[in-house]
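Asker: What follows is the file my_file_29.txt, containing compact mmCIF, C-alpha atoms:
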```txt
# COMPACT_ATOMS: atom_id res chain seq x y z
CA MET A 498 1.01 -32.63 -0.26
CA THR A 499 -0.52 -29.41 1.04
CA GLY A 500 1.86 -29.48 4.00
CA LYS A 501 4.93 -29.36 1.78
CA SER A 502 7.00 -26.22 1.45
CA ASP A 503 7.29 -24.45 -1.88
CA SER A 504 10.81 -25.68 -2.48
CA GLU A 505 9.76 -29.25 -1.68
CA LEU A 506 6.93 -28.96 -4.17
CA VAL A 507 9.29 -27.66 -6.83
CA ASP A 508 11.67 -30.55 -6.20
CA LEU A 509 8.84 -33.06 -6.38
CA PHE A 510 7.61 -31.56 -9.62
CA ARG A 511 11.07 -31.67 -11.11
CA ASN A 512 11.25 -35.32 -10.19
CA GLY A 513 8.10 -35.99 -12.17
CA ASP A 514 5.37 -35.61 -9.58
CA GLU A 515 2.64 -33.78 -11.49
CA THR A 516 0.41 -33.45 -8.45
CA ALA A 517 2.98 -31.08 -6.94
CA PHE A 518 2.09 -28.60 -9.63
CA ASN A 519 -1.59 -28.91 -8.73
CA THR A 520 -0.74 -28.02 -5.16
CA ILE A 521 1.23 -24.99 -6.32
CA VAL A 522 -1.74 -23.80 -8.36
CA LEU A 523 -4.19 -24.31 -5.52
CA ARG A 524 -1.85 -22.55 -3.11
CA TYR A 525 -1.33 -19.45 -5.23
CA GLN A 526 -4.32 -19.18 -7.54
CA GLU A 527 -6.18 -16.60 -5.45
CA LYS A 528 -3.15 -14.40 -4.88
CA ILE A 529 -2.22 -14.51 -8.55
CA TYR A 530 -5.81 -13.89 -9.64
CA TRP A 531 -6.10 -10.81 -7.48
CA VAL A 532 -2.77 -9.31 -8.43
CA VAL A 533 -3.77 -9.69 -12.09
CA ARG A 534 -7.23 -8.26 -11.39
CA ARG A 535 -5.66 -5.14 -9.93
CA PHE A 536 -3.98 -4.56 -13.26
CA ILE A 537 -6.81 -5.80 -15.45
CA SER A 538 -10.23 -4.91 -14.16
CA ASP A 539 -12.09 -7.21 -16.54
CA HIS A 540 -12.59 -10.66 -15.01
CA ASP A 541 -12.54 -12.57 -18.30
CA ASP A 542 -9.28 -10.99 -19.39
CA ALA A 543 -7.83 -11.56 -15.95
CA ASP A 544 -8.93 -15.19 -16.04
CA ASP A 545 -7.17 -15.70 -19.35
CA ILE A 546 -3.98 -14.14 -17.99
CA VAL A 547 -4.08 -16.18 -14.78
CA GLN A 548 -4.31 -19.40 -16.78
CA GLU A 549 -1.43 -18.27 -18.94
CA VAL A 550 0.63 -17.41 -15.86
CA PHE A 551 0.31 -20.95 -14.56
CA VAL A 552 0.96 -22.48 -17.96
CA LYS A 553 4.15 -20.42 -18.16
CA ALA A 554 5.01 -21.45 -14.63
CA TYR A 555 4.53 -25.10 -15.56
CA GLU A 556 6.82 -24.68 -18.53
CA GLY A 557 9.40 -22.77 -16.52
CA LEU A 558 9.42 -24.73 -13.29
CA ARG A 559 11.83 -27.36 -14.57
CA THR A 560 14.43 -24.68 -15.13
CA PHE A 561 13.42 -22.57 -12.12
CA ARG A 562 16.72 -21.91 -10.39
CA GLY A 563 15.33 -21.36 -6.97
CA ASP A 564 17.37 -18.25 -6.32
CA ALA A 565 14.05 -16.46 -5.88
CA GLN A 566 11.12 -17.56 -3.79
CA LEU A 567 8.49 -19.43 -5.76
CA TYR A 568 5.82 -16.86 -4.98
CA THR A 569 7.94 -13.87 -6.05
CA TRP A 570 8.70 -15.74 -9.26
CA LEU A 571 4.98 -16.37 -9.84
CA TYR A 572 4.21 -12.74 -9.04
CA ARG A 573 6.80 -11.66 -11.52
CA ILE A 574 5.24 -13.77 -14.26
CA ALA A 575 1.84 -12.36 -13.33
CA VAL A 576 2.99 -8.73 -13.32
CA ASN A 577 4.74 -9.12 -16.66
CA ALA A 578 1.79 -10.91 -18.21
CA SER A 579 -0.55 -8.19 -16.98
CA LEU A 580 1.65 -5.37 -18.22
CA ASN A 581 2.07 -7.12 -21.56
CA HIS A 582 -1.68 -7.41 -21.84
CA ILE A 583 -2.04 -3.68 -21.25
CA ARG A 584 0.70 -2.89 -23.76
CA LEU A 585 -0.80 -5.20 -26.32
CA LYS A 586 -4.15 -3.54 -25.89
CA ARG A 587 -2.56 -0.15 -26.38
CA VAL A 588 -0.76 -1.27 -29.52
CA LYS A 589 -3.91 -2.85 -30.88
CA GLU A 590 -5.76 0.39 -30.33
CA PHE A 591 -2.96 2.22 -32.09
CA PHE A 592 -3.03 0.02 -35.14
CA ARG A 593 -6.78 0.22 -35.36
CA PHE A 594 -6.43 3.94 -35.78
CA GLU A 595 -8.17 4.34 -32.47
CA GLU A 596 -7.27 6.69 -29.75
CA THR A 597 -6.81 5.28 -26.31
CA ILE A 598 -10.09 5.73 -24.62
CA ALA A 599 -9.83 8.30 -21.90
CA PRO A 600 -11.46 7.39 -18.65
CA GLU A 601 -15.01 8.56 -18.59
CA THR A 602 -16.13 11.01 -16.05
CA ILE A 603 -18.86 9.50 -14.02
CA GLU A 604 -22.00 11.52 -13.65
CA HIS A 605 -23.01 12.05 -10.09
CA GLU A 606 -26.51 11.79 -8.89
CA THR A 607 -27.51 10.83 -5.41
CA PRO A 608 -26.26 7.27 -5.30
CA ASP A 609 -27.15 4.74 -2.70
CA HIS A 610 -24.22 3.11 -0.99
CA ILE A 611 -23.89 0.29 -3.51
CA VAL A 612 -23.89 2.55 -6.51
CA GLN A 613 -21.49 4.80 -4.71
CA SER A 614 -19.21 1.88 -3.95
CA ASN A 615 -19.23 0.79 -7.60
CA GLU A 616 -18.47 4.30 -8.73
CA GLN A 617 -15.64 4.58 -6.28
CA ARG A 618 -14.25 1.26 -7.46
CA GLU A 619 -14.34 2.39 -11.07
CA ILE A 620 -12.66 5.66 -10.23
CA ILE A 621 -9.92 3.90 -8.30
CA GLU A 622 -9.42 1.46 -11.17
CA GLN A 623 -9.18 4.33 -13.62
CA ALA A 624 -6.72 6.16 -11.42
CA VAL A 625 -4.52 3.08 -11.08
CA ALA A 626 -4.78 2.38 -14.80
CA LEU A 627 -3.41 5.84 -15.54
CA LEU A 628 -0.28 5.33 -13.46
CA PRO A 629 3.02 4.75 -15.22
CA GLU A 630 3.85 1.05 -15.29
CA LYS A 631 6.38 0.92 -12.50
CA GLN A 632 4.30 3.05 -10.15
CA LYS A 633 1.28 0.94 -10.99
CA ALA A 634 3.12 -2.27 -10.18
CA VAL A 635 4.55 -0.85 -6.96
CA PHE A 636 1.18 0.53 -5.88
CA ILE A 637 -0.59 -2.78 -6.47
CA LEU A 638 2.05 -4.93 -4.84
CA ARG A 639 2.49 -2.62 -1.87
CA HIS A 640 -1.03 -1.47 -1.17
CA TYR A 641 -3.13 -4.46 -2.15
CA ASP A 642 -0.71 -7.32 -1.68
CA GLN A 643 1.05 -5.74 1.29
CA LEU A 644 4.43 -6.94 0.09
CA ALA A 645 7.70 -5.69 1.56
CA TYR A 646 9.79 -3.38 -0.59
CA GLU A 647 12.46 -6.08 -0.77
CA GLU A 648 9.92 -8.52 -2.23
CA ILE A 649 8.69 -5.93 -4.70
CA ALA A 650 12.27 -5.26 -5.75
CA THR A 651 12.76 -8.97 -6.42
CA ILE A 652 9.55 -9.22 -8.42
CA LEU A 653 10.30 -6.16 -10.53
CA LYS A 654 14.00 -6.96 -10.71
CA THR A 655 14.90 -3.50 -9.52
CA SER A 656 16.68 -2.05 -6.53
CA VAL A 657 14.88 -1.31 -3.28
CA GLY A 658 16.01 2.30 -3.33
CA GLY A 659 13.38 4.45 -4.90
CA LEU A 660 10.48 2.05 -4.43
CA LYS A 661 9.19 4.02 -1.46
CA ALA A 662 9.23 7.16 -3.59
CA ASN A 663 7.50 5.28 -6.41
CA TYR A 664 4.80 4.22 -4.01
CA PHE A 665 4.40 7.70 -2.60
CA HIS A 666 4.09 9.27 -6.06
CA ALA A 667 1.60 6.59 -7.10
CA VAL A 668 -0.51 7.25 -4.01
CA ARG A 669 -0.39 10.96 -4.64
CA LYS A 670 -1.45 10.57 -8.28
CA VAL A 671 -4.31 8.29 -7.33
CA GLU A 672 -5.32 10.74 -4.63
CA ARG A 673 -5.32 13.67 -7.06
CA TYR A 674 -7.31 11.77 -9.64
CA VAL A 675 -9.88 10.62 -7.11
CA LYS A 676 -10.11 14.13 -5.72
CA LYS A 677 -10.66 15.58 -9.18
CA ILE A 678 -13.35 13.11 -10.15
CA HIS A 679 -14.86 12.19 -6.84
CA GLY A 680 -14.20 15.27 -4.79
CA LEU A 681 -12.43 13.27 -2.10
CA MET B 1240 15.84 24.16 0.08
CA SER B 1241 14.85 24.88 3.65
CA LYS B 1242 15.26 22.38 6.45
CA ARG B 1243 11.51 22.42 6.88
CA SER B 1244 10.77 21.46 3.27
CA THR B 1245 13.46 18.74 3.30
CA GLY B 1246 11.94 17.40 6.51
CA CYS B 1247 8.47 17.47 4.95
CA GLU B 1248 9.62 15.56 1.90
CA LEU B 1249 11.24 12.89 4.01
CA VAL B 1250 8.10 12.55 6.09
CA ARG B 1251 5.57 12.65 3.27
CA ILE B 1252 7.24 9.79 1.52
CA GLU B 1253 6.54 7.73 4.65
CA ILE B 1254 2.91 8.75 4.99
CA PRO B 1255 1.32 5.95 2.90
CA ASP B 1256 3.13 3.35 5.00
CA TYR B 1257 2.35 5.33 8.16
CA VAL B 1258 -1.37 5.19 7.36
CA SER B 1259 -1.14 1.46 6.64
CA ASP B 1260 0.75 0.99 9.90
CA ARG B 1261 3.74 -0.45 8.14
CA LEU B 1262 6.52 1.65 9.57
CA GLY B 1263 9.09 0.56 12.07
CA SER B 1264 8.88 2.17 15.49
CA ALA B 1265 11.78 4.58 14.90
CA GLU B 1266 10.33 5.78 11.61
CA ARG B 1267 6.91 6.10 13.15
CA GLN B 1268 8.24 8.21 16.00
CA ARG B 1269 10.04 10.48 13.57
CA VAL B 1270 6.84 10.98 11.56
CA ASP B 1271 4.79 11.53 14.73
CA ALA B 1272 7.21 14.18 15.95
CA HIS B 1273 7.10 16.00 12.63
CA LEU B 1274 3.32 15.89 12.41
CA LEU B 1275 3.03 17.63 15.75
CA THR B 1276 4.54 20.75 14.28
CA CYS B 1277 3.61 20.61 10.59
CA GLN B 1278 0.10 21.47 9.48
CA SER B 1279 0.93 20.84 5.83
CA CYS B 1280 2.02 17.24 6.48
CA ARG B 1281 -0.99 16.67 8.74
CA SER B 1282 -3.13 17.73 5.80
CA GLU B 1283 -1.28 15.25 3.57
CA LEU B 1284 -1.88 12.57 6.18
CA GLU B 1285 -5.61 13.30 6.19
CA GLN B 1286 -5.77 13.09 2.42
CA VAL B 1287 -4.00 9.74 2.28
CA THR B 1288 -6.09 8.39 5.15
CA ARG B 1289 -9.27 9.40 3.32
CA LEU B 1290 -8.01 7.91 0.06
CA PHE B 1291 -7.18 4.58 1.66
CA GLY B 1292 -10.62 4.61 3.23
CA VAL B 1293 -12.20 5.04 -0.19
CA ILE B 1294 -10.01 2.29 -1.65
CA ASP B 1295 -10.90 -0.10 1.16
CA HIS B 1296 -14.57 0.69 0.73
CA ALA B 1297 -14.46 0.21 -3.03
CA GLN B 1298 -13.81 -3.50 -3.17
CA ALA B 1299 -13.35 -5.08 -6.59
CA THR B 1300 -16.13 -7.33 -7.82
CA PRO B 1301 -15.27 -10.88 -6.79
CA PRO B 1302 -14.95 -13.58 -9.45
CA PRO B 1303 -17.93 -15.86 -10.10
CA THR B 1304 -18.80 -18.39 -7.44
CA HIS B 1305 -16.74 -21.60 -7.71
CA TYR B 1306 -14.28 -19.84 -10.01
CA PHE B 1307 -11.32 -21.08 -7.98
CA ASP B 1308 -12.76 -24.58 -7.76
CA ASN B 1309 -12.61 -24.88 -11.53
CA LEU B 1310 -9.44 -23.02 -12.29
CA LEU B 1311 -6.99 -25.91 -11.99
CA PRO B 1312 -8.87 -28.21 -14.41
CA ARG B 1313 -9.07 -25.35 -16.89
CA ILE B 1314 -5.35 -24.70 -16.60
CA ARG B 1315 -4.67 -28.40 -17.14
CA SER B 1316 -6.98 -28.40 -20.12
CA ARG B 1317 -5.22 -25.37 -21.56
CA MET B 1318 -1.86 -27.06 -21.17
CA SER B 1319 -3.08 -30.16 -22.95
CA ARG B 1320 -4.27 -28.06 -25.89
CA ARG B 1321 -0.96 -26.30 -26.13
CA PRO B 1322 0.68 -27.06 -29.48
CA ALA B 1323 4.24 -28.29 -29.67
CA VAL B 1324 6.57 -25.38 -29.22
CA GLY B 1325 9.65 -24.49 -31.19
CA ILE B 1326 10.11 -22.90 -34.56
CA VAL B 1327 9.44 -26.02 -36.57
CA GLY B 1328 6.41 -26.92 -34.51
CA LYS B 1329 5.03 -23.44 -34.77
CA ALA B 1330 5.63 -23.33 -38.49
CA LEU B 1331 3.93 -26.65 -39.06
CA ASN B 1332 0.98 -25.78 -36.89
CA SER B 1333 0.48 -22.24 -38.07
CA ARG B 1334 -2.70 -21.18 -39.77
CA TRP B 1335 -1.26 -17.80 -40.51
CA ILE B 1336 -0.74 -17.45 -44.20
CA LEU B 1337 -0.29 -13.77 -44.93
CA PRO B 1338 0.84 -12.18 -48.12
CA THR B 1339 4.31 -13.30 -47.15
CA ALA B 1340 6.09 -11.83 -50.12
CA ALA B 1341 4.75 -8.38 -49.36
CA ALA B 1342 5.55 -8.71 -45.72
CA LEU B 1343 9.07 -9.93 -46.46
CA LEU B 1344 9.57 -7.00 -48.74
CA VAL B 1345 8.44 -4.60 -46.07
CA VAL B 1346 10.49 -6.20 -43.36
CA SER B 1347 13.52 -6.44 -45.61
CA LEU B 1348 13.25 -2.75 -46.27
CA LEU B 1349 13.04 -2.04 -42.60
CA VAL B 1350 16.00 -4.17 -41.74
CA SER B 1351 18.16 -3.09 -44.65
CA VAL B 1352 17.91 0.58 -43.78
CA PRO B 1353 20.51 0.54 -40.99
CA PHE B 1354 23.06 -1.14 -43.22
CA LEU B 1355 22.62 1.50 -45.86
CA GLY B 1356 22.54 4.43 -43.52
CA ASP B 1357 23.39 5.19 -39.96
CA PRO B 1358 25.25 2.23 -38.46
CA ASP B 1359 24.56 3.42 -34.93
CA TRP B 1360 22.23 0.92 -33.30
CA SER B 1361 21.17 3.18 -30.53
CA ASN B 1362 18.83 1.71 -28.01
CA ASP B 1363 17.36 5.09 -27.28
CA ALA B 1364 13.82 4.95 -28.55
CA ARG B 1365 13.67 8.72 -28.65
CA GLU B 1366 16.26 8.83 -31.38
CA GLY B 1367 14.47 6.28 -33.49
CA THR B 1368 16.69 3.64 -34.99
CA TYR B 1369 15.52 4.37 -38.48
CA ALA B 1370 14.92 8.01 -37.80
CA GLY B 1371 16.12 9.31 -41.10
CA ASP B 1372 14.10 6.88 -43.11
CA TRP B 1373 10.87 6.87 -41.23
CA ASN B 1374 8.12 9.36 -41.24
CA ASN B 1375 6.15 7.48 -38.73
CA LEU B 1376 5.70 10.12 -36.13
CA GLU B 1377 2.95 8.19 -34.45
CA LEU B 1378 5.28 5.29 -33.80
CA LEU B 1379 7.94 7.62 -32.49
CA ASP B 1380 5.36 9.23 -30.26
CA LEU B 1381 4.31 5.85 -29.04
CA ALA B 1382 7.93 4.93 -28.40
CA ASP B 1383 8.37 8.13 -26.44
CA GLN B 1384 5.27 7.45 -24.45
CA GLN B 1385 6.39 3.91 -23.76
CA SER B 1386 9.87 4.92 -22.70
CA GLU B 1387 8.38 7.33 -20.21
CA HIS B 1388 6.18 4.66 -18.82
CA LEU B 1389 8.73 1.89 -18.75
CA PRO B 1390 11.55 3.17 -16.64
CA PHE B 1391 12.48 -0.31 -15.50
CA SER B 1392 11.96 -2.25 -18.65
CA PRO B 1393 14.11 -2.40 -21.76
CA MET B 1394 11.16 -3.72 -23.72
CA ILE B 1395 10.14 -0.54 -25.41
CA ILE B 1396 7.83 -0.60 -28.35
CA ARG B 1397 9.89 0.67 -31.20
CA GLN B 1398 9.77 0.50 -34.91
CA GLU B 1399 12.49 -2.09 -34.92
CA ASN B 1400 10.67 -4.21 -32.38
CA ILE B 1401 7.74 -4.47 -34.68
CA ALA B 1402 9.91 -5.11 -37.68
CA HIS B 1403 11.84 -7.83 -35.85
CA ALA B 1404 8.70 -9.38 -34.57
CA LEU B 1405 7.29 -9.52 -38.02
CA GLY B 1406 10.49 -11.18 -39.09
CA GLU B 1407 10.21 -13.75 -36.37
CA LYS B 1408 6.60 -14.31 -37.22
CA LEU B 1409 7.67 -15.00 -40.75
CA ILE B 1410 10.24 -17.45 -39.47
CA THR B 1411 7.56 -19.39 -37.71
CA ASP B 1412 5.34 -19.47 -40.72
CA GLN B 1413 7.77 -19.74 -43.56
CA LEU B 1414 10.09 -22.56 -42.82
CA ALA B 1415 11.62 -22.33 -46.27
CA ASP B 1416 12.77 -18.82 -45.49
CA ALA B 1417 13.94 -19.61 -42.02
CA VAL B 1418 17.66 -19.42 -42.73
CA PHE B 1419 17.32 -16.18 -44.58
CA ALA B 1420 14.99 -14.67 -42.04
CA GLN B 1421 17.09 -15.84 -39.15
CA SER B 1422 20.18 -14.23 -40.57
CA MET B 1423 18.23 -11.07 -41.28
CA PHE B 1424 16.31 -10.69 -38.09
CA ILE B 1425 18.02 -12.46 -35.27
CA GLU B 1426 21.72 -12.74 -35.82
CA THR B 1427 22.29 -9.30 -37.22
CA VAL B 1428 20.01 -7.31 -35.01
CA PRO B 1429 20.24 -6.49 -31.31
CA PHE B 1430 17.60 -8.58 -29.72
CA SER B 1431 14.99 -6.59 -27.92
CA ASN B 1432 11.82 -7.69 -29.53
CA VAL B 1433 10.43 -10.21 -27.11
CA LEU B 1434 7.48 -8.07 -26.30
CA ALA B 1435 6.57 -7.23 -29.87
CA HIS B 1436 6.96 -10.89 -30.74
CA GLU B 1437 4.59 -11.91 -27.99
CA MET B 1438 2.16 -9.27 -29.07
CA LEU B 1439 2.10 -10.49 -32.61
CA GLN B 1440 1.66 -14.05 -31.49
CA GLU B 1441 -1.52 -12.94 -29.79
CA MET B 1442 -2.85 -10.81 -32.59
CA SER B 1443 -5.36 -12.10 -35.08
CA ASP B 1444 -4.49 -12.47 -38.75
CA GLU B 1445 -6.53 -9.41 -39.52
CA GLU B 1446 -4.72 -7.35 -36.96
CA ILE B 1447 -1.31 -8.45 -38.20
CA ASN B 1448 -2.40 -7.64 -41.74
CA ASN B 1449 -3.26 -4.22 -40.48
CA VAL B 1450 0.19 -3.83 -38.95
CA ILE B 1451 1.87 -4.88 -42.16
CA HIS B 1452 -0.36 -2.60 -44.15
CA ARG B 1453 0.50 0.35 -42.01
CA LEU B 1454 4.22 -0.42 -42.00
CA ALA B 1455 4.19 -0.79 -45.77
CA GLU B 1456 2.28 2.41 -46.17
CA ARG B 1457 4.70 4.29 -43.98
CA THR B 1458 7.83 2.81 -45.48
CA LEU B 1459 7.05 2.87 -49.13
CA LEU B 1460 5.48 6.29 -49.39
```
Before anything else, please render the file you have as C-alpha cells.
Answerer:
Amino acid sequence: MTGKSDSELVDLFRNGDETAFNTIVLRYQEKIYWVVRRFISDHDDADDIVQEVFVKAYEGLRTFRGDAQLYTWLYRIAVNASLNHIRLKRVKEFFRFEETIAPETIEHETPDHIVQSNEQREIIEQAVALLPEKQKAVFILRHYDQLAYEEIATILKTSVGGLKANYFHAVRKVERYVKKIHGL
Amino acid sequence: MSKRSTGCELVRIEIPDYVSDRLGSAERQRVDAHLLTCQSCRSELEQVTRLFGVIDHAQATPPPTHYFDNLLPRIRSRMSRRPAVGIVGKALNSRWILPTAAALLVVSLLVSVPFLGDPDWSNDAREGTYAGDWNNLELLDLADQQSEHLPFSPMIIRQENIAHALGEKLITDQLADAVFAQSMFIETVPFSNVLAHEMLQEMSDEEINNVIHRLAERTLL
C-alpha cells in the first residue's frame, strides 16, 4: 500500500478500502503536524488541530474532486484549521474582556547556547504570530515547507502574482521584529 | 521613482529566495549583477542571511517521542467518537441548553434590523451592516482589524456573522424552531458565517452565554 500514488490511494479509499486512509495519514502526518506547529506553537493545540485535519480529510475524501493534488488539499485544510484556531482564540479573548496578550519582551542575560536557542525560537514564533494572515501563511509554506509559489497559490486559493511580494514583506517584518527584540 | 530605486525593489523582492538558493539561473544572475553595484541591497542581503541563520538555529521543540507512532490510532478513535452529523443529529445530541428565548430575542433583533432600516447588505465590514443600530465599536474595530488581516478571505468576523452563527446554533439545538430559524437566518441572509459558526461550535456553553450576554447588552441598551 505504501508504494501507491496519492491518486491511487484516494481511489482505493473511495472504493471502500479503509486502509488506504491509514496510508494517507502515515504519509502526511509529519508534514501536516509541522505546518500546523508553525502556526500554533503549542504542541497540544497543534495535536488537536492535526487530528481534526485528518478527520475532515476523511469526511471530505469521498467528494474530493482530484482537481488539486492530495497534499495541497491537505495543506489547505491544515492552514485553514490553524488560522481558524487563531481567530477563535482572538474572539474568545475579545469576549472575555481580555486584551490580546502582546508578545513579551524577553530579558537578556548571558545565555548559554541552549537558552539562547530557545529564546530565539520564541522570538521567531512571536514575529511570525504577528504577521497578517496571508503573509504568515506564505512565510510558513515558503520558508519552512519550501513549497513553490504555484503550490502556495493552490493551497491559499489565490493567484501566484503577489505571493513573492507577500513573502518578501513577511521576511522583512520578521527581520525587523527580531532585530528590535534580539538585536540581530 | 529613479531607475536605481526601481531596480532595488525588483531585486530585494528576490533576496529571500536568493538566500535560500531558490532562484532560477537568470534571476540569480540579475541579482548578482545588481549586488555588485548596490551597497544598500548588499546590506539587505546580509540582514536576510543573518535572519535565516537565526531561524535555522532556532528549531521548534519536537513533539514527544513516539508521537507519530500513536497519531493514527488517535485519529481513528476520534472519528469513532464523532457524533452523527446533520442538523437533526446535532440537535438530538446537543447538551447545549441556553436561555433560548433570550437568545432568540437577541438574534431576532439583530436580524430584523436590516429589514426595518438600511436594505443595503454591504459586505464591507468597515461599513458595518447594522451600523446605524449598533454601538458596538469594539466589534467594528475587530471587524476592521480582521479585514486588514484577511486580504484573501471573505470570512471576516462581523456582527452579522456572530448573529447568524447564533441563529444556526439555535437551529441545531432547537429543532422545534428550525423552520423559523432557518427562514430567519439562512434563507434571508447572505451566507458568510461559516467561520463564526465553527467558532461557536467549539466554544463552551459558558463562553457562548458570554457572547449572548454581550450581544444583548449592546443591542438592548
Asker: Write out as an mmCIF file with C-alpha atoms, keeping the file's coordinate frame each polymer residue whose atoms come within 10 Å of Thr520 (chain A), counting all atoms listed in the file; drop sequence neighbours fewer than 2 positions from it.
Answerer:
```
data_model
loop_
_atom_site.group_PDB
_atom_site.id
_atom_site.type_symbol
_atom_site.label_atom_id
_atom_site.label_comp_id
_atom_site.auth_asym_id
_atom_site.auth_seq_id
_atom_site.Cartn_x
_atom_site.Cartn_y
_atom_site.Cartn_z
ATOM 1 C CA MET A 498 1.010 -32.630 -0.260
ATOM 2 C CA THR A 499 -0.520 -29.410 1.040
ATOM 3 C CA GLY A 500 1.860 -29.480 4.000
ATOM 4 C CA LYS A 501 4.930 -29.360 1.780
ATOM 5 C CA ASP A 503 7.290 -24.450 -1.880
ATOM 6 C CA LEU A 506 6.930 -28.960 -4.170
ATOM 7 C CA GLU A 515 2.640 -33.780 -11.490
ATOM 8 C CA THR A 516 0.410 -33.450 -8.450
ATOM 9 C CA ALA A 517 2.980 -31.080 -6.940
ATOM 10 C CA PHE A 518 2.090 -28.600 -9.630
ATOM 11 C CA VAL A 522 -1.740 -23.800 -8.360
ATOM 12 C CA LEU A 523 -4.190 -24.310 -5.520
ATOM 13 C CA ARG A 524 -1.850 -22.550 -3.110
ATOM 14 C CA TYR A 525 -1.330 -19.450 -5.230
ATOM 15 C CA GLN A 526 -4.320 -19.180 -7.540
ATOM 16 C CA LEU B 1311 -6.990 -25.910 -11.990
#
```
Asker: In terms of the shortest atom-to-atom distance over all atoms listed in the file, which of A:Arg511, A:Lys633, A:Lys654, A:His582 is closest to Val671 (chain A)?
Answerer: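 Smallest separation from Val671 (chain A) among the options: A:Lys633.
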Asker: Restrict the distance test to only C-alpha atoms, flag each residue of chain A within 6 Å of chain B, and return the flagged residues as a list in words.
Answerer: Gln548, Leu585, Ser614, Gln617, Arg618, Pro629, Glu630 and Phe665 of chain A
Asker: For Gly659 (chain A), which residue out of A:Val625, A:Val635, A:Leu580, A:Ala575 is the nearest one, using all atoms listed in the file?
Answerer: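 The closest residue to Gly659 (chain A) is A:Val635.
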Asker: Could you work out how far CA of Thr655 (chain A) lies from CA of Arg1267 (chain B), giving the answer in Å with one decimal?
Answerer: 25.9 Å
Asker: Can you tell me which residues surround Ile620 (chain A) at a distance of at most 8 Å, considering all atoms listed in the file, apart from same-chain residues fewer than 6 positions away, and format the answer as a PDB file with C-alpha atoms, keeping the file's coordinate frame?
Answerer:
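New file selection_10.pdb:
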```pdb
ATOM      1  CA  VAL A 675      -9.880  10.620  -7.110  1.00  0.00           C
ATOM      2  CA  ILE A 678     -13.350  13.110 -10.150  1.00  0.00           C
ATOM      3  CA  HIS A 679     -14.860  12.190  -6.840  1.00  0.00           C
TER       4      HIS A 679
END
```
Asker: Pick the closest to Tyr664 (chain A) from A:Gln643, A:Gln632, A:Thr651, A:Asn512: which is it, counting all atoms listed in the file?
Answerer: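 For Tyr664 (chain A), the nearest of the given residues is A:Gln632.
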Asker: Give the answer as one residue: which of A:Gln566, A:Asn615, A:Ser538, A:Ser502 has the shortest atom-to-atom distance to Ile583 (chain A), using all atoms listed in the file?
Answerer: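 Of A:Gln566, A:Asn615, A:Ser538, A:Ser502, the one nearest Ile583 (chain A) is A:Ser538, counting all atoms listed in the file.
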Asker: Which polymer residues have any atom within 8 Å of an atom of Thr569 (chain A), counting only C-alpha atoms, with same-chain residues fewer than 2 positions away left out, as number ranges by chain?
Answerer: A: 565-567, 571-573, 648, 651-652
Asker: Dump C-alpha atoms for the selected residues as an mmCIF file, keeping the file's coordinate frame?
Answerer:
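Written output follows (out_23.cif):
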```cif
data_model
loop_
_atom_site.group_PDB
_atom_site.id
_atom_site.type_symbol
_atom_site.label_atom_id
_atom_site.label_comp_id
_atom_site.auth_asym_id
_atom_site.auth_seq_id
_atom_site.Cartn_x
_atom_site.Cartn_y
_atom_site.Cartn_z
ATOM 1 C CA ALA A 565 14.050 -16.460 -5.880
ATOM 2 C CA GLN A 566 11.120 -17.560 -3.790
ATOM 3 C CA LEU A 567 8.490 -19.430 -5.760
ATOM 4 C CA LEU A 571 4.980 -16.370 -9.840
ATOM 5 C CA TYR A 572 4.210 -12.740 -9.040
ATOM 6 C CA ARG A 573 6.800 -11.660 -11.520
ATOM 7 C CA GLU A 648 9.920 -8.520 -2.230
ATOM 8 C CA THR A 651 12.760 -8.970 -6.420
ATOM 9 C CA ILE A 652 9.550 -9.220 -8.420
#
```
